[in-house]
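First up is the structure itself, then whatever we jot down about it.
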Amino acid sequence: IKKNLTNYFPMLKSREEILAEIMEKPRCNRIYQKWTSEQQKHFLDFCSGARGVKILYDSFFKEVFNPEYMPQRLNRLLSVILGMKVKILKVLPVDSARLAEESTLVAMDIVVELENGEIVNVEVQKIGYLFPGQRSACYSADLLLRQYKRVRSIHAEKNTQFRYDDIKPVYTIVFFEKSPREFHEFEDTYIHRVQPVSDSGVKIELLQKYVFIPLDIFRRVHQNKLIETEIEAWLTFLSSDEVEDIINLIETYPEFKSLYETLYSMCENIEGVMSMFSEELYQ
């Protein structure tokens, strides 16, 4: 018997139940009628479990990885991506401080400070060419400047001497659903770790580090392959809405089931999830 997601997530409603609920609520019905038939089908598919939820939808991603009440998830994802055990100390504002006469410079997705003082910004980008290297560098510079100002302020309050080696590395991690063309020149590589290096080999602690992950390339490279490592498990979770992949993932790594339960619990609130889906379509 072919398994489906309702075997694992009994809170999922049928398409008929979802449609009936939409039709009996005027606001939901108005939203639904504004969508194309393809968008309507997509919504019904992921709410009923006919397909998985696209994790890279901004609202879903931030709900699953909310560092304020589910820090262990982001801790684990960052540990796997960065190749070292990390623990989130606190969540930082996603909007940069006002500089001179300018308004906010950048608005980031998730920004956290780790126990060791390092700062990590996690970005989710559905369309890669909208997030080029130049934009990544600006985000990284903003993180560094924010940290610099905060550390200077702390020293001023304590009347202690500021030293530049009090400033810790900042990481910009970008997940691409559709990656920029530069990454497709490396057709078998789906994790790119970037940081400045000298042409002479001299070791200098430069603080801006980047990790770029083109999930479309990961999906192509790992199509029809077994999930063998934890990094493959995380990238499968982030990149695939195929029912077979989801079942394979939660049977191989059962700890991912709770992440999907978070998503499908959101889908129980039809009006709320419709508003979120509309916002994704607008963006």
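Following the order of the structure tokens, first chain is A, next is B, and so on, with residues numbered from 1 inside each chain and ligands from 1 in the order they appear.
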
Please, which residues in region 172-241 of chain A fall within 8 Å of region 131-151 of chain A when counting only C-alpha atoms, and what is the closest atom pair and distance in Å to one decimal for each, ordered by chain then residue number, as JSON lines?
{"residue": "A:Thr172", "atom": "CA", "partner": "A:Ser140", "partner_atom": "CA", "distance": 6.1}
{"residue": "A:Pro180", "atom": "CA", "partner": "A:Pro132", "partner_atom": "CA", "distance": 7.6}
{"residue": "A:Gln208", "atom": "CA", "partner": "A:Ser140", "partner_atom": "CA", "distance": 6.4}
{"residue": "A:Lys209", "atom": "CA", "partner": "A:Ser140", "partner_atom": "CA", "distance": 7.9}

Keeping only all heavy atoms, write the selected residues as an mmCIF file, in the first residue's frame.
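Final output, saved to again_27.cif:
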data_model
loop_
_atom_site.group_PDB
_atom_site.id
_atom_site.type_symbol
_atom_site.label_atom_id
_atom_site.label_comp_id
_atom_site.auth_asym_id
_atom_site.auth_seq_id
_atom_site.Cartn_x
_atom_site.Cartn_y
_atom_site.Cartn_z
ATOM 1 N N THR A 172 27.263 35.062 7.198
ATOM 2 C CA THR A 172 26.065 35.248 6.379
ATOM 3 C C THR A 172 25.812 33.937 5.650
ATOM 4 O O THR A 172 26.624 33.508 4.826
ATOM 5 C CB THR A 172 26.261 36.393 5.375
ATOM 6 O OG1 THR A 172 26.574 37.597 6.085
ATOM 7 C CG2 THR A 172 24.997 36.609 4.546
ATOM 8 N N PRO A 180 21.783 31.678 -8.393
ATOM 9 C CA PRO A 180 22.347 32.471 -9.490
ATOM 10 C C PRO A 180 23.209 31.613 -10.404
ATOM 11 O O PRO A 180 23.716 30.554 -10.005
ATOM 12 C CB PRO A 180 23.206 33.516 -8.760
ATOM 13 C CG PRO A 180 22.699 33.546 -7.364
ATOM 14 C CD PRO A 180 22.201 32.165 -7.073
ATOM 15 N N GLN A 208 34.606 38.448 8.211
ATOM 16 C CA GLN A 208 33.387 38.249 7.426
ATOM 17 C C GLN A 208 33.439 36.911 6.681
ATOM 18 O O GLN A 208 34.300 36.694 5.825
ATOM 19 C CB GLN A 208 33.200 39.415 6.464
ATOM 20 C CG GLN A 208 32.885 40.713 7.208
ATOM 21 C CD GLN A 208 32.998 41.928 6.321
ATOM 22 O OE1 GLN A 208 34.087 42.438 6.085
ATOM 23 N NE2 GLN A 208 31.864 42.401 5.826
ATOM 24 N N LYS A 209 32.493 36.049 7.005
ATOM 25 C CA LYS A 209 32.471 34.710 6.434
ATOM 26 C C LYS A 209 31.082 34.435 5.852
ATOM 27 O O LYS A 209 30.082 34.941 6.351
ATOM 28 C CB LYS A 209 32.834 33.672 7.497
ATOM 29 C CG LYS A 209 34.205 33.940 8.128
ATOM 30 C CD LYS A 209 34.586 32.906 9.173
ATOM 31 C CE LYS A 209 35.938 33.244 9.787
ATOM 32 N NZ LYS A 209 36.401 32.201 10.730
#

Can you check which residues of region 96-166 of chain A DSSP gives as strand (DSSP E or B) on the backbone and send them as number ranges by chain? A: 107, 110-114, 119-127

Write the selection just made, keeping C-alpha atoms, as a PDB file, in the first residue's frame?
ATOM      1  CA  ALA A 107      16.165  43.944   6.873  1.00  0.00           C
ATOM      2  CA  ILE A 110      17.018  35.631  11.172  1.00  0.00           C
ATOM      3  CA  VAL A 111      19.942  37.090  13.134  1.00  0.00           C
ATOM      4  CA  VAL A 112      21.363  35.405  16.247  1.00  0.00           C
ATOM      5  CA  GLU A 113      24.331  35.849  18.509  1.00  0.00           C
ATOM      6  CA  LEU A 114      26.104  32.646  19.561  1.00  0.00           C
ATOM      7  CA  ILE A 119      26.880  36.526  14.885  1.00  0.00           C
ATOM      8  CA  VAL A 120      24.970  34.561  12.257  1.00  0.00           C
ATOM      9  CA  ASN A 121      22.483  35.882   9.726  1.00  0.00           C
ATOM     10  CA  VAL A 122      20.385  33.222   7.971  1.00  0.00           C
ATOM     11  CA  GLU A 123      18.812  34.298   4.681  1.00  0.00           C
ATOM     12  CA  VAL A 124      16.294  32.446   2.522  1.00  0.00           C
ATOM     13  CA  GLN A 125      16.113  33.510  -1.126  1.00  0.00           C
ATOM     14  CA  LYS A 126      13.724  31.999  -3.638  1.00  0.00           C
ATOM     15  CA  ILE A 127      15.201  33.912  -6.595  1.00  0.00           C
TER      16      ILE A 127
END

What lies within 9 Å of Thr262 (chain A) using only C-alpha atoms, ignoring chain neighbours under 6 positions off, as a VMD selection string? chain A and resid 60 63 to 64

Nearest to Leu5 (chain A): which of A:Ser239, A:Gln33, A:Gln40, A:Ser48 is it, counting only C-alpha atoms? A:Ser48

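For the set A:Phe9, A:Tyr264, A:Tyr171, A:Tyr129, the residue with the smallest atom-to-atom gap to Tyr210 (chain A) is A:Tyr171, counting only C-alpha atoms.
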
Find, counting only C-alpha atoms, the residue in A:Glu38, A:Asp58, A:Asp45, A:Glu157 that gets nearest to Glu177 (chain A). A:Asp58

Which of region 45-270 of chain A DSSP labels helix (DSSP H, G or I), written as an MDAnalysis selection string: chainID A and resid 45:48 58:64 71:82 128:130 133:158 164:166 181:185 215:221 230:239 243:252 254:266 270

Would you pick out the contacts of region 222-233 of chain A at 8 Å or less, using only C-alpha atoms, so that residues sharing its chain but fewer than 3 positions from it are not included, and give the list as a ChimeraX atom specification? /A:80-81,218-219,236-237,249,252-253

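Using only C-alpha atoms for every distance, the candidate list A:Ile31, A:Leu281, A:Cys47, A:Leu77 yields A:Cys47 as the residue closest to Tyr260 (chain A).
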